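Okay, my_file_0.cif is below, mmCIF, C-alpha atoms:
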data_input
#
loop_
_atom_site.group_PDB
_atom_site.id
_atom_site.type_symbol
_atom_site.label_atom_id
_atom_site.label_comp_id
_atom_site.auth_asym_id
_atom_site.auth_seq_id
_atom_site.Cartn_x
_atom_site.Cartn_y
_atom_site.Cartn_z
ATOM 1 C CA MET A 1321 -7.712 -21.700 -110.444
ATOM 2 C CA GLN A 1322 -6.763 -21.425 -114.124
ATOM 3 C CA LYS A 1323 -8.092 -19.165 -116.873
ATOM 4 C CA ASN A 1324 -7.369 -19.540 -120.579
ATOM 5 C CA LEU A 1325 -7.736 -16.781 -123.124
ATOM 6 C CA SER A 1326 -7.311 -18.179 -126.630
ATOM 7 C CA HIS A 1327 -6.782 -16.112 -129.752
ATOM 8 C CA PRO A 1328 -5.814 -17.101 -133.302
ATOM 9 C CA GLN A 1329 -2.401 -15.505 -132.795
ATOM 10 C CA HIS A 1330 -1.678 -16.462 -129.188
ATOM 11 C CA VAL A 1331 -2.936 -17.880 -125.879
ATOM 12 C CA TRP A 1332 -2.827 -16.428 -122.366
ATOM 13 C CA ILE A 1333 -2.944 -18.838 -119.430
ATOM 14 C CA ASP A 1334 -3.360 -17.334 -115.966
ATOM 15 C CA ALA A 1335 -2.853 -19.760 -113.059
ATOM 16 C CA LEU A 1336 -3.711 -18.751 -109.484
ATOM 17 C CA ASP A 1337 -2.105 -20.881 -106.760
ATOM 18 C CA PRO A 1338 -1.448 -23.772 -109.187
ATOM 19 C CA GLU A 1339 -0.887 -27.338 -108.060
ATOM 20 C CA GLU A 1340 2.410 -28.999 -108.916
ATOM 21 C CA SER A 1341 0.686 -31.446 -111.250
ATOM 22 C CA TYR A 1342 -0.701 -28.550 -113.302
ATOM 23 C CA ILE A 1343 2.711 -26.863 -113.369
ATOM 24 C CA ASP A 1344 4.268 -30.108 -114.640
ATOM 25 C CA GLU A 1345 1.617 -30.323 -117.340
ATOM 26 C CA ILE A 1346 2.370 -26.788 -118.544
ATOM 27 C CA PHE A 1347 6.113 -27.400 -118.505
ATOM 28 C CA GLU A 1348 5.748 -30.567 -120.508
ATOM 29 C CA SER A 1349 3.486 -28.878 -123.068
ATOM 30 C CA TYR A 1350 5.779 -25.877 -123.616
ATOM 31 C CA ASN A 1351 9.130 -27.522 -122.903
ATOM 32 C CA PHE A 1352 10.203 -25.020 -120.241
ATOM 33 C CA HIS A 1353 13.464 -25.382 -118.342
ATOM 34 C CA LYS A 1354 13.349 -27.368 -115.082
ATOM 35 C CA LEU A 1355 15.030 -24.577 -113.115
ATOM 36 C CA ASP A 1356 12.081 -22.332 -113.898
ATOM 37 C CA ARG A 1357 9.787 -24.906 -112.326
ATOM 38 C CA ASP A 1358 11.674 -24.602 -109.033
ATOM 39 C CA ALA A 1359 11.303 -20.825 -109.196
ATOM 40 C CA ILE A 1360 7.532 -21.135 -109.493
ATOM 41 C CA ILE A 1361 7.125 -23.669 -106.702
ATOM 42 C CA LYS A 1362 9.409 -21.799 -104.304
ATOM 43 C CA GLU A 1363 8.006 -18.389 -103.493
ATOM 44 C CA HIS A 1364 9.972 -15.208 -102.731
ATOM 45 C CA GLN A 1365 12.401 -15.501 -105.610
ATOM 46 C CA TYR A 1366 14.607 -12.617 -106.642
ATOM 47 C CA THR A 1367 13.283 -10.298 -109.319
ATOM 48 C CA ARG A 1368 14.919 -11.396 -112.536
ATOM 49 C CA LEU A 1369 14.740 -12.116 -116.259
ATOM 50 C CA ASP A 1370 16.034 -15.380 -117.741
ATOM 51 C CA PRO A 1371 16.242 -15.358 -121.559
ATOM 52 C CA TYR A 1372 15.950 -18.602 -123.541
ATOM 53 C CA ASP A 1373 15.948 -19.274 -127.259
ATOM 54 C CA ASP A 1374 12.179 -19.336 -127.668
ATOM 55 C CA TYR A 1375 10.842 -17.644 -124.520
ATOM 56 C CA LEU A 1376 11.585 -15.278 -121.635
ATOM 57 C CA PHE A 1377 11.028 -16.129 -117.983
ATOM 58 C CA LEU A 1378 10.273 -13.199 -115.671
ATOM 59 C CA VAL A 1379 9.933 -12.933 -111.916
ATOM 60 C CA LEU A 1380 8.311 -9.636 -110.962
ATOM 61 C CA HIS A 1381 7.189 -8.295 -107.587
ATOM 62 C CA PHE A 1382 4.342 -5.889 -106.932
ATOM 63 C CA PRO A 1383 2.846 -4.666 -103.640
ATOM 64 C CA LYS A 1384 -0.397 -5.980 -102.208
ATOM 65 C CA PHE A 1385 -1.863 -4.290 -99.135
ATOM 66 C CA ASN A 1386 -3.040 -6.459 -96.256
ATOM 67 C CA ARG A 1387 -5.701 -4.474 -94.383
ATOM 68 C CA GLU A 1388 -5.629 -6.736 -91.325
ATOM 69 C CA THR A 1389 -1.899 -6.306 -90.637
ATOM 70 C CA GLN A 1390 -1.644 -2.861 -92.297
ATOM 71 C CA ARG A 1391 1.382 -4.136 -94.203
ATOM 72 C CA TYR A 1392 2.435 -4.469 -97.818
ATOM 73 C CA ILE A 1393 3.104 -8.019 -98.920
ATOM 74 C CA THR A 1394 4.879 -9.128 -102.085
ATOM 75 C CA ASN A 1395 2.651 -10.386 -104.854
ATOM 76 C CA GLU A 1396 5.093 -12.413 -106.933
ATOM 77 C CA ILE A 1397 4.195 -12.855 -110.606
ATOM 78 C CA ASN A 1398 6.012 -15.514 -112.648
ATOM 79 C CA ILE A 1399 5.648 -14.908 -116.380
ATOM 80 C CA PHE A 1400 6.565 -16.982 -119.424
ATOM 81 C CA VAL A 1401 6.347 -15.024 -122.656
ATOM 82 C CA GLY A 1402 6.896 -16.389 -126.145
ATOM 83 C CA LYS A 1403 5.867 -15.371 -129.639
ATOM 84 C CA ASP A 1404 2.436 -16.972 -129.399
ATOM 85 C CA TYR A 1405 1.808 -17.490 -125.681
ATOM 86 C CA LEU A 1406 1.959 -15.748 -122.327
ATOM 87 C CA ILE A 1407 1.600 -17.712 -119.083
ATOM 88 C CA THR A 1408 1.301 -16.153 -115.627
ATOM 89 C CA PHE A 1409 1.622 -17.928 -112.268
ATOM 90 C CA HIS A 1410 0.825 -16.208 -108.965
ATOM 91 C CA TYR A 1411 -0.233 -17.204 -105.437
ATOM 92 C CA TYR A 1412 -2.409 -14.244 -104.414
ATOM 93 C CA PRO A 1413 -5.662 -13.140 -106.090
ATOM 94 C CA SER A 1414 -5.011 -10.105 -108.262
ATOM 95 C CA SER A 1415 -7.689 -7.628 -109.296
ATOM 96 C CA THR A 1416 -5.113 -6.105 -111.648
ATOM 97 C CA LEU A 1417 -4.685 -9.308 -113.639
ATOM 98 C CA ASP A 1418 -8.451 -9.841 -113.614
ATOM 99 C CA ARG A 1419 -8.964 -6.374 -115.071
ATOM 100 C CA VAL A 1420 -6.425 -6.947 -117.863
ATOM 101 C CA TYR A 1421 -7.999 -10.338 -118.553
ATOM 102 C CA GLU A 1422 -11.428 -8.729 -118.982
ATOM 103 C CA GLN A 1423 -10.008 -6.055 -121.281
ATOM 104 C CA TYR A 1424 -8.419 -8.646 -123.549
ATOM 105 C CA SER A 1425 -11.542 -10.780 -123.487
ATOM 106 C CA GLU A 1426 -13.408 -7.812 -124.975
ATOM 107 C CA ARG A 1427 -10.700 -7.309 -127.580
ATOM 108 C CA ARG A 1428 -10.940 -10.943 -128.562
ATOM 109 C CA LYS A 1429 -14.711 -10.616 -129.014
ATOM 110 C CA ASN A 1430 -14.131 -7.596 -131.245
ATOM 111 C CA LYS A 1431 -11.479 -9.588 -133.154
ATOM 112 C CA LYS A 1432 -8.785 -7.004 -132.502
ATOM 113 C CA LEU A 1433 -5.167 -7.957 -133.136
ATOM 114 C CA ILE A 1434 -3.434 -8.968 -129.913
ATOM 115 C CA SER A 1435 0.312 -9.411 -129.367
ATOM 116 C CA THR A 1436 1.949 -11.112 -126.376
ATOM 117 C CA ALA A 1437 4.413 -8.201 -126.244
ATOM 118 C CA PHE A 1438 1.616 -5.675 -125.749
ATOM 119 C CA LEU A 1439 -0.164 -8.042 -123.388
ATOM 120 C CA LEU A 1440 2.957 -8.133 -121.208
ATOM 121 C CA TYR A 1441 3.184 -4.355 -121.444
ATOM 122 C CA ASP A 1442 -0.433 -3.922 -120.315
ATOM 123 C CA ILE A 1443 0.046 -6.291 -117.368
ATOM 124 C CA ILE A 1444 3.138 -4.469 -116.090
ATOM 125 C CA GLU A 1445 1.627 -1.038 -116.761
ATOM 126 C CA ASN A 1446 -1.524 -1.850 -114.794
ATOM 127 C CA PHE A 1447 0.530 -3.072 -111.840
ATOM 128 C CA LEU A 1448 2.662 0.094 -111.928
ATOM 129 C CA ASP A 1449 -0.442 2.287 -112.128
ATOM 130 C CA LYS A 1450 -1.883 0.504 -109.112
ATOM 131 C CA THR A 1451 1.381 1.043 -107.227
ATOM 132 C CA THR A 1452 1.182 4.755 -108.075
ATOM 133 C CA LYS A 1453 -2.332 4.909 -106.602
ATOM 134 C CA MET A 1454 -1.061 3.159 -103.473
ATOM 135 C CA LEU A 1455 1.605 5.839 -103.091
ATOM 136 C CA GLU A 1456 -0.997 8.589 -103.513
ATOM 137 C CA SER A 1457 -3.003 7.037 -100.676
ATOM 138 C CA PHE A 1458 0.222 6.726 -98.679
ATOM 139 C CA ILE A 1459 0.902 10.458 -99.114
ATOM 140 C CA ARG A 1460 -2.623 11.360 -97.930
ATOM 141 C CA ASP A 1461 -2.111 9.261 -94.792
ATOM 142 C CA LEU A 1462 1.244 10.954 -94.263
ATOM 143 C CA LYS A 1463 -0.357 14.417 -94.337
ATOM 144 C CA THR A 1464 -2.860 13.261 -91.714
ATOM 145 C CA LEU A 1465 0.024 12.046 -89.549
ATOM 146 C CA GLU A 1466 1.763 15.416 -89.888
ATOM 147 C CA LYS A 1467 -1.328 17.130 -88.448
ATOM 148 C CA GLN A 1468 -1.463 14.628 -85.575
ATOM 149 C CA VAL A 1469 2.182 15.249 -84.686
ATOM 150 C CA PHE A 1470 1.414 18.919 -84.002
ATOM 151 C CA SER A 1471 -1.979 18.354 -82.373
ATOM 152 C CA THR A 1472 -3.098 15.072 -80.768
ATOM 153 C CA ARG A 1473 0.195 13.201 -80.749
ATOM 154 C CA ASN A 1474 0.182 10.031 -78.665
ATOM 155 C CA THR A 1475 1.482 6.469 -78.718
ATOM 156 C CA LYS A 1476 -0.872 5.673 -81.613
ATOM 157 C CA THR A 1477 0.797 8.389 -83.700
ATOM 158 C CA ILE A 1478 4.206 6.862 -83.014
ATOM 159 C CA GLN A 1479 2.887 3.431 -83.921
ATOM 160 C CA GLN A 1480 1.458 4.736 -87.212
ATOM 161 C CA ILE A 1481 4.766 6.368 -88.141
ATOM 162 C CA MET A 1482 6.624 3.112 -87.472
ATOM 163 C CA ILE A 1483 4.122 1.159 -89.599
ATOM 164 C CA LYS A 1484 4.523 3.661 -92.435
ATOM 165 C CA LYS A 1485 8.308 3.462 -92.223
ATOM 166 C CA ARG A 1486 8.212 -0.319 -92.361
ATOM 167 C CA ASN A 1487 5.885 -0.233 -95.368
ATOM 168 C CA ILE A 1488 7.916 2.306 -97.330
ATOM 169 C CA ILE A 1489 11.089 0.278 -96.751
ATOM 170 C CA THR A 1490 9.242 -2.803 -98.034
ATOM 171 C CA LEU A 1491 8.164 -0.905 -101.159
ATOM 172 C CA LYS A 1492 11.684 0.384 -101.720
ATOM 173 C CA HIS A 1493 13.245 -3.081 -101.513
ATOM 174 C CA MET A 1494 10.493 -4.445 -103.747
ATOM 175 C CA MET A 1495 10.648 -1.879 -106.546
ATOM 176 C CA GLN A 1496 14.330 -0.953 -106.738
ATOM 177 C CA PRO A 1497 15.615 -4.273 -108.233
ATOM 178 C CA GLN A 1498 13.000 -4.068 -110.987
ATOM 179 C CA ILE A 1499 14.535 -0.943 -112.510
ATOM 180 C CA SER A 1500 17.342 -2.978 -114.060
ATOM 181 C CA VAL A 1501 14.969 -5.846 -114.923
ATOM 182 C CA LEU A 1502 12.700 -3.522 -116.928
ATOM 183 C CA LYS A 1503 15.704 -2.351 -118.938
ATOM 184 C CA LEU A 1504 16.444 -5.992 -119.765
ATOM 185 C CA ILE A 1505 12.810 -6.586 -120.704
ATOM 186 C CA GLU A 1506 12.912 -3.629 -123.084
ATOM 187 C CA PHE A 1507 16.089 -4.944 -124.732
ATOM 188 C CA HIS A 1508 14.842 -8.510 -125.204
ATOM 189 C CA MET A 1509 11.353 -7.527 -126.336
ATOM 190 C CA LYS A 1510 12.886 -5.292 -128.988
ATOM 191 C CA GLN A 1511 15.092 -8.167 -130.175
ATOM 192 C CA ARG A 1512 12.295 -10.747 -130.269
ATOM 193 C CA PHE A 1513 9.370 -8.676 -131.491
ATOM 194 C CA SER A 1514 9.651 -5.293 -133.206
ATOM 195 C CA ASP A 1515 11.219 -1.907 -132.634
ATOM 196 C CA GLU A 1516 7.759 -0.532 -132.001
ATOM 197 C CA VAL A 1517 7.494 -2.168 -128.586
ATOM 198 C CA GLU A 1518 10.690 -0.435 -127.439
ATOM 199 C CA PHE A 1519 8.897 2.877 -126.923
ATOM 200 C CA TYR A 1520 6.168 1.219 -124.874
ATOM 201 C CA PHE A 1521 8.602 -0.464 -122.510
ATOM 202 C CA GLU A 1522 10.595 2.762 -122.204
ATOM 203 C CA ASN A 1523 7.368 4.253 -120.888
ATOM 204 C CA LEU A 1524 7.299 1.534 -118.212
ATOM 205 C CA GLU A 1525 10.850 2.435 -117.201
ATOM 206 C CA ASP A 1526 9.836 6.076 -116.802
ATOM 207 C CA LYS A 1527 6.849 5.096 -114.665
ATOM 208 C CA LEU A 1528 8.977 2.900 -112.426
ATOM 209 C CA ASP A 1529 11.620 5.631 -112.071
ATOM 210 C CA LYS A 1530 8.924 8.082 -110.959
ATOM 211 C CA ILE A 1531 7.569 5.528 -108.489
ATOM 212 C CA PHE A 1532 10.999 4.951 -107.000
ATOM 213 C CA ILE A 1533 11.695 8.699 -106.721
ATOM 214 C CA GLU A 1534 8.335 9.133 -104.965
ATOM 215 C CA ILE A 1535 9.217 6.306 -102.571
ATOM 216 C CA GLN A 1536 12.511 8.022 -101.712
ATOM 217 C CA ILE A 1537 10.739 11.344 -101.082
ATOM 218 C CA ILE A 1538 8.174 9.661 -98.820
ATOM 219 C CA GLU A 1539 10.968 7.896 -96.929
ATOM 220 C CA GLU A 1540 12.744 11.221 -96.348
ATOM 221 C CA ASN A 1541 9.491 12.840 -95.185
ATOM 222 C CA LEU A 1542 8.883 10.003 -92.744
ATOM 223 C CA ASP A 1543 12.401 10.372 -91.342
ATOM 224 C CA SER A 1544 11.842 14.120 -90.915
ATOM 225 C CA LEU A 1545 8.466 13.505 -89.289
ATOM 226 C CA GLU A 1546 10.009 11.032 -86.860
ATOM 227 C CA ASP A 1547 12.809 13.479 -85.993
ATOM 228 C CA THR A 1548 10.256 16.251 -85.435
ATOM 229 C CA LEU A 1549 8.207 14.047 -83.125
ATOM 230 C CA LYS A 1550 11.330 13.108 -81.154
ATOM 231 C CA SER A 1551 12.288 16.784 -80.816
ATOM 232 C CA ILE A 1552 8.814 17.697 -79.554
ATOM 233 C CA PHE A 1553 8.866 14.871 -77.006
ATOM 234 C CA ASP A 1554 12.381 15.875 -75.873
ATOM 235 C CA LEU A 1555 11.256 19.485 -75.445
ATOM 236 C CA GLU A 1556 8.192 18.485 -73.439
ATOM 237 C CA THR A 1557 10.305 16.169 -71.282
ATOM 238 C CA ASN A 1558 12.807 18.960 -70.576
ATOM 239 C CA ILE A 1559 9.993 21.317 -69.562
ATOM 240 C CA ILE A 1560 8.582 18.718 -67.165
ATOM 241 C CA ILE A 1561 12.039 18.148 -65.670
ATOM 242 C CA LYS A 1562 12.460 21.915 -65.175
ATOM 243 C CA TYR A 1563 9.172 22.172 -63.281
ATOM 244 C CA LEU A 1564 10.064 19.161 -61.158
ATOM 245 C CA THR A 1565 13.452 20.705 -60.362
ATOM 246 C CA ILE A 1566 11.843 24.000 -59.347
ATOM 247 C CA PHE A 1567 9.290 22.167 -57.216
ATOM 248 C CA SER A 1568 12.046 20.169 -55.523
ATOM 249 C CA ALA A 1569 14.025 23.348 -54.832
ATOM 250 C CA PHE A 1570 10.916 25.073 -53.450
ATOM 251 C CA MET A 1571 10.428 22.189 -51.029
ATOM 252 C CA LEU A 1572 13.941 22.527 -49.578
ATOM 253 C CA PRO A 1573 12.928 24.935 -46.752
ATOM 254 C CA LEU A 1574 10.184 22.539 -45.670
ATOM 255 C CA THR A 1575 12.670 19.696 -45.788
ATOM 256 C CA LEU A 1576 15.025 21.723 -43.623
ATOM 257 C CA ALA A 1577 12.237 22.473 -41.149
ATOM 258 C CA THR A 1578 11.196 18.852 -40.859
ATOM 259 C CA SER A 1579 14.831 17.936 -40.274
ATOM 260 C CA PHE A 1580 14.959 20.276 -37.315
ATOM 261 C CA PHE A 1581 11.707 18.907 -35.948
ATOM 262 C CA GLY A 1582 13.039 15.422 -36.340
ATOM 263 C CA MET A 1583 16.083 16.043 -34.154
ATOM 264 C CA ASN A 1584 16.149 14.157 -30.874
ATOM 265 C CA THR A 1585 16.877 17.164 -28.620
ATOM 266 C CA LYS A 1586 15.536 18.313 -25.283
ATOM 267 C CA VAL A 1587 15.076 21.971 -26.257
ATOM 268 C CA GLY A 1588 13.659 22.753 -29.694
ATOM 269 C CA TYR A 1589 15.858 25.033 -31.735
ATOM 270 C CA PHE A 1590 12.815 26.627 -33.293
ATOM 271 C CA SER A 1591 12.464 28.816 -30.225
ATOM 272 C CA ASP A 1592 15.535 30.656 -31.477
ATOM 273 C CA THR A 1593 14.708 33.703 -33.650
ATOM 274 C CA THR A 1594 17.828 33.145 -35.793
ATOM 275 C CA ILE A 1595 16.529 29.803 -37.073
ATOM 276 C CA TRP A 1596 13.159 31.246 -38.045
ATOM 277 C CA LEU A 1597 14.846 34.147 -39.758
ATOM 278 C CA THR A 1598 17.063 31.750 -41.747
ATOM 279 C CA LEU A 1599 14.047 29.725 -42.870
ATOM 280 C CA ALA A 1600 12.157 32.876 -43.869
ATOM 281 C CA ILE A 1601 15.079 34.220 -45.928
ATOM 282 C CA THR A 1602 15.562 30.840 -47.628
ATOM 283 C CA SER A 1603 11.866 30.608 -48.494
ATOM 284 C CA LEU A 1604 11.813 34.155 -49.881
ATOM 285 C CA PHE A 1605 14.903 33.373 -51.962
ATOM 286 C CA PHE A 1606 13.296 30.359 -53.643
ATOM 287 C CA VAL A 1607 9.992 32.206 -54.129
ATOM 288 C CA GLY A 1608 11.952 34.991 -55.833
ATOM 289 C CA ILE A 1609 13.713 32.501 -58.113
ATOM 290 C CA LEU A 1610 10.333 30.993 -59.050
ATOM 291 C CA PHE A 1611 8.862 34.456 -59.747
ATOM 292 C CA ILE A 1612 11.796 35.401 -62.009
ATOM 293 C CA TYR A 1613 11.478 32.128 -63.952
ATOM 294 C CA ILE A 1614 7.725 32.572 -64.494
ATOM 295 C CA HIS A 1615 8.223 36.218 -65.517
ATOM 296 C CA LYS A 1616 10.819 35.202 -68.132
ATOM 297 C CA LYS A 1617 8.518 32.504 -69.528
ATOM 298 C CA GLN A 1618 5.817 35.122 -70.058
#

Would you give me this structure, written as structure tokens?
Amino acid sequence: MQKNLSHPQHVWIDALDPEESYIDEIFESYNFHKLDRDAIIKEHQYTRLDPYDDYLFLVLHFPKFNRETQRYITNEINIFVGKDYLITFHYYPSSTLDRVYEQYSERRKNKKLISTAFLLYDIIENFLDKTTKMLESFIRDLKTLEKQVFSTRNTKTIQQIMIKKRNIITLKHMMQPQISVLKLIEFHMKQRFSDEVEFYFENLEDKLDKIFIEIQIIEENLDSLEDTLKSIFDLETNIIIKYLTIFSAFMLPLTLATSFFGMNTKVGYFSDTTIWLTLAITSLFFVGILFIYIHKKQ
């Protein structure tokens, strides 16, 4: 699906899941480099910026949450930006791009001046703002998990922690490479447009830095939460083993008695007072050990 937003100063073309024939048509119209075509057709490219004489080619990655799998997937946005055009290619529907498109449609109706530099800024800013909201939701879920660890911890809690760890690692690998790319974008936009845009793109760098710092903090909290859960499980396991050991020791006199009964002898040794006395002393000894242990626990 393709959408065109025309303006006297520029045009924005947004292509969702474009066919190769449409891509070829765009490349022929704007004389883009053939290597950029391969980058659009082949998904999961590295985040990067390729500068050319009359345009910039960007590959940016932003998270998209899949509710069915509870995972973050990479929404790859390929962007061509020139003085009088901006073209976006992507393979997943994006409410963020739709929202920016509607905003600029209103500006066009009101005949407000629109620049491709500020259009690019608004697109990236909206994606970063959405990522920030995702992290806020992530933090709320993390607080819920913390309560579960100290209350109703079970296999589901462990599973949720593992899912969160996988997702935060995905976000980290997705956002970290874009820190250097945004610095390059700021440099080239300043060179090709005006010094005014520099301050706007510096703002994007600050937002991305804050996002990455937040991701690192969440990752550390998840590691601590996992370690805490492991410690609690280890403690509970040790307590169970202690009780089993005490129970096994308490059963030793009975085991001894059954061993005597199991002997193939003509005269039972249990008629001897010494044997009964030994069993009684042994039983009292283990009962005393159990009493001392319980008293210390209290």

Selected residue of minimal separation from Lys1384 (chain A) among A:Leu1325, A:Leu1491, A:Leu1355, A:Ile1444, counting only C-alpha atoms: A:Leu1491

Given the PyMOL selection byres ((chain A and resi 1402) around 10), the residues it picks as a list in words: His1330, Val1331, Tyr1350, Tyr1372, Asp1373, Asp1374, Tyr1375, Leu1376, Phe1377, Ile1399, Phe1400, Val1401, Lys1403, Asp1404, Tyr1405, Leu1406, Ile1407, Thr1436, Ala1437, Met1509, Arg1512 and Phe1513 of chain A

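Residues in contact with Lys1492 (chain A) at 9 Å, where only C-alpha atoms are counted and same-chain residues fewer than 3 positions away are skipped, are listed as Asn1487, Ile1488, Ile1489, Met1495, Gln1496, Pro1497, Phe1532, Ile1535, Gln1536 and Glu1539 of chain A.
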
Residue members of the PyMOL selection byres ((chain A and resi 1525) around 12) in the file shown, as JSON, numbers by chain: {"A": [1441, 1444, 1445, 1448, 1495, 1496, 1498, 1499, 1500, 1501, 1502, 1503, 1504, 1505, 1506, 1507, 1518, 1519, 1520, 1521, 1522, 1523, 1524, 1526, 1527, 1528, 1529, 1530, 1531, 1532]}

Take the residues just selected and output them with C-alpha atoms as a compact mmCIF listing (two decimals), in the coordinates of the input.
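Dumped to again_18.txt:
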# COMPACT_ATOMS: atom_id res chain seq x y z
CA TYR A 1441 3.18 -4.36 -121.44
CA ILE A 1444 3.14 -4.47 -116.09
CA GLU A 1445 1.63 -1.04 -116.76
CA LEU A 1448 2.66 0.09 -111.93
CA MET A 1495 10.65 -1.88 -106.55
CA GLN A 1496 14.33 -0.95 -106.74
CA GLN A 1498 13.00 -4.07 -110.99
CA ILE A 1499 14.54 -0.94 -112.51
CA SER A 1500 17.34 -2.98 -114.06
CA VAL A 1501 14.97 -5.85 -114.92
CA LEU A 1502 12.70 -3.52 -116.93
CA LYS A 1503 15.70 -2.35 -118.94
CA LEU A 1504 16.44 -5.99 -119.76
CA ILE A 1505 12.81 -6.59 -120.70
CA GLU A 1506 12.91 -3.63 -123.08
CA PHE A 1507 16.09 -4.94 -124.73
CA GLU A 1518 10.69 -0.44 -127.44
CA PHE A 1519 8.90 2.88 -126.92
CA TYR A 1520 6.17 1.22 -124.87
CA PHE A 1521 8.60 -0.46 -122.51
CA GLU A 1522 10.60 2.76 -122.20
CA ASN A 1523 7.37 4.25 -120.89
CA LEU A 1524 7.30 1.53 -118.21
CA ASP A 1526 9.84 6.08 -116.80
CA LYS A 1527 6.85 5.10 -114.66
CA LEU A 1528 8.98 2.90 -112.43
CA ASP A 1529 11.62 5.63 -112.07
CA LYS A 1530 8.92 8.08 -110.96
CA ILE A 1531 7.57 5.53 -108.49
CA PHE A 1532 11.00 4.95 -107.00

Residues selected by the PyMOL selection byres ((chain A and resi 1346) around 12), written as a list of chain:residue names: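 The output of the PyMOL selection byres ((chain A and resi 1346) around 12) on this file is A:Gln1322, A:Ile1333, A:Asp1334, A:Ala1335, A:Pro1338, A:Glu1339, A:Glu1340, A:Ser1341, A:Tyr1342, A:Ile1343, A:Asp1344, A:Glu1345, A:Phe1347, A:Glu1348, A:Ser1349, A:Tyr1350, A:Asn1351, A:Phe1352, A:His1353, A:Lys1354, A:Asp1356, A:Arg1357, A:Ile1360, A:Phe1400, A:Tyr1405, A:Leu1406, A:Ile1407, A:Thr1408, A:Phe1409.
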
Selection above as a file: C-alpha atoms, as a compact mmCIF listing (two decimals), keeping the file's coordinate frame:
# COMPACT_ATOMS: atom_id res chain seq x y z
CA GLN A 1322 -6.76 -21.42 -114.12
CA ILE A 1333 -2.94 -18.84 -119.43
CA ASP A 1334 -3.36 -17.33 -115.97
CA ALA A 1335 -2.85 -19.76 -113.06
CA PRO A 1338 -1.45 -23.77 -109.19
CA GLU A 1339 -0.89 -27.34 -108.06
CA GLU A 1340 2.41 -29.00 -108.92
CA SER A 1341 0.69 -31.45 -111.25
CA TYR A 1342 -0.70 -28.55 -113.30
CA ILE A 1343 2.71 -26.86 -113.37
CA ASP A 1344 4.27 -30.11 -114.64
CA GLU A 1345 1.62 -30.32 -117.34
CA PHE A 1347 6.11 -27.40 -118.50
CA GLU A 1348 5.75 -30.57 -120.51
CA SER A 1349 3.49 -28.88 -123.07
CA TYR A 1350 5.78 -25.88 -123.62
CA ASN A 1351 9.13 -27.52 -122.90
CA PHE A 1352 10.20 -25.02 -120.24
CA HIS A 1353 13.46 -25.38 -118.34
CA LYS A 1354 13.35 -27.37 -115.08
CA ASP A 1356 12.08 -22.33 -113.90
CA ARG A 1357 9.79 -24.91 -112.33
CA ILE A 1360 7.53 -21.14 -109.49
CA PHE A 1400 6.56 -16.98 -119.42
CA TYR A 1405 1.81 -17.49 -125.68
CA LEU A 1406 1.96 -15.75 -122.33
CA ILE A 1407 1.60 -17.71 -119.08
CA THR A 1408 1.30 -16.15 -115.63
CA PHE A 1409 1.62 -17.93 -112.27

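With CA of Val1469 (chain A) on one side and CA of Ile1560 (chain A) on the other, the separation reads 19.0 Å.
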
Pairwise distance for CA of Met1494 (chain A) and CA of Arg1419 (chain A), rounded to one decimal in Å: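 CA of Arg1419 (chain A) lies at a distance of 22.6 Å from CA of Met1494 (chain A).
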
Atom pair CA of Lys1362 (chain A) / CA of Asn1398 (chain A): separation (Å): 11.0 Å

Spatial neighbours of Gln1468 (chain A), max dist 12 Å, all atoms listed in the file, sep filter under 2 positions, as a VMD selection string: chain A and resid 1461 to 1466 1470 to 1478 1480 to 1481 1545 1548 to 1549

Any chance you could export the current selection's C-alpha atoms as a JSON list (two decimals), in the coordinates of the input?
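Okay, this is what ended up in out-v4.json:
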[["chain", "number", "residue", "atom", "x", "y", "z"],
["A", 1461, "ASP", "CA", -2.11, 9.26, -94.79],
["A", 1462, "LEU", "CA", 1.24, 10.95, -94.26],
["A", 1463, "LYS", "CA", -0.36, 14.42, -94.34],
["A", 1464, "THR", "CA", -2.86, 13.26, -91.71],
["A", 1465, "LEU", "CA", 0.02, 12.05, -89.55],
["A", 1466, "GLU", "CA", 1.76, 15.42, -89.89],
["A", 1470, "PHE", "CA", 1.41, 18.92, -84.00],
["A", 1471, "SER", "CA", -1.98, 18.35, -82.37],
["A", 1472, "THR", "CA", -3.10, 15.07, -80.77],
["A", 1473, "ARG", "CA", 0.20, 13.20, -80.75],
["A", 1474, "ASN", "CA", 0.18, 10.03, -78.67],
["A", 1475, "THR", "CA", 1.48, 6.47, -78.72],
["A", 1476, "LYS", "CA", -0.87, 5.67, -81.61],
["A", 1477, "THR", "CA", 0.80, 8.39, -83.70],
["A", 1478, "ILE", "CA", 4.21, 6.86, -83.01],
["A", 1480, "GLN", "CA", 1.46, 4.74, -87.21],
["A", 1481, "ILE", "CA", 4.77, 6.37, -88.14],
["A", 1545, "LEU", "CA", 8.47, 13.50, -89.29],
["A", 1548, "THR", "CA", 10.26, 16.25, -85.44],
["A", 1549, "LEU", "CA", 8.21, 14.05, -83.12]]

Nearest to Phe1567 (chain A), chosen from A:Phe1606, A:Tyr1392, A:Tyr1411, A:Trp1332, with only C-alpha atoms counted in the distances: A:Phe1606

Counting only C-alpha atoms, the residue of A:Asp1418, A:Asp1370, A:Glu1556, A:Asp1337 that sits nearest Glu1396 (chain A):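 Comparing A:Asp1418, A:Asp1370, A:Glu1556, A:Asp1337 against Glu1396 (chain A), the winner is A:Asp1337.
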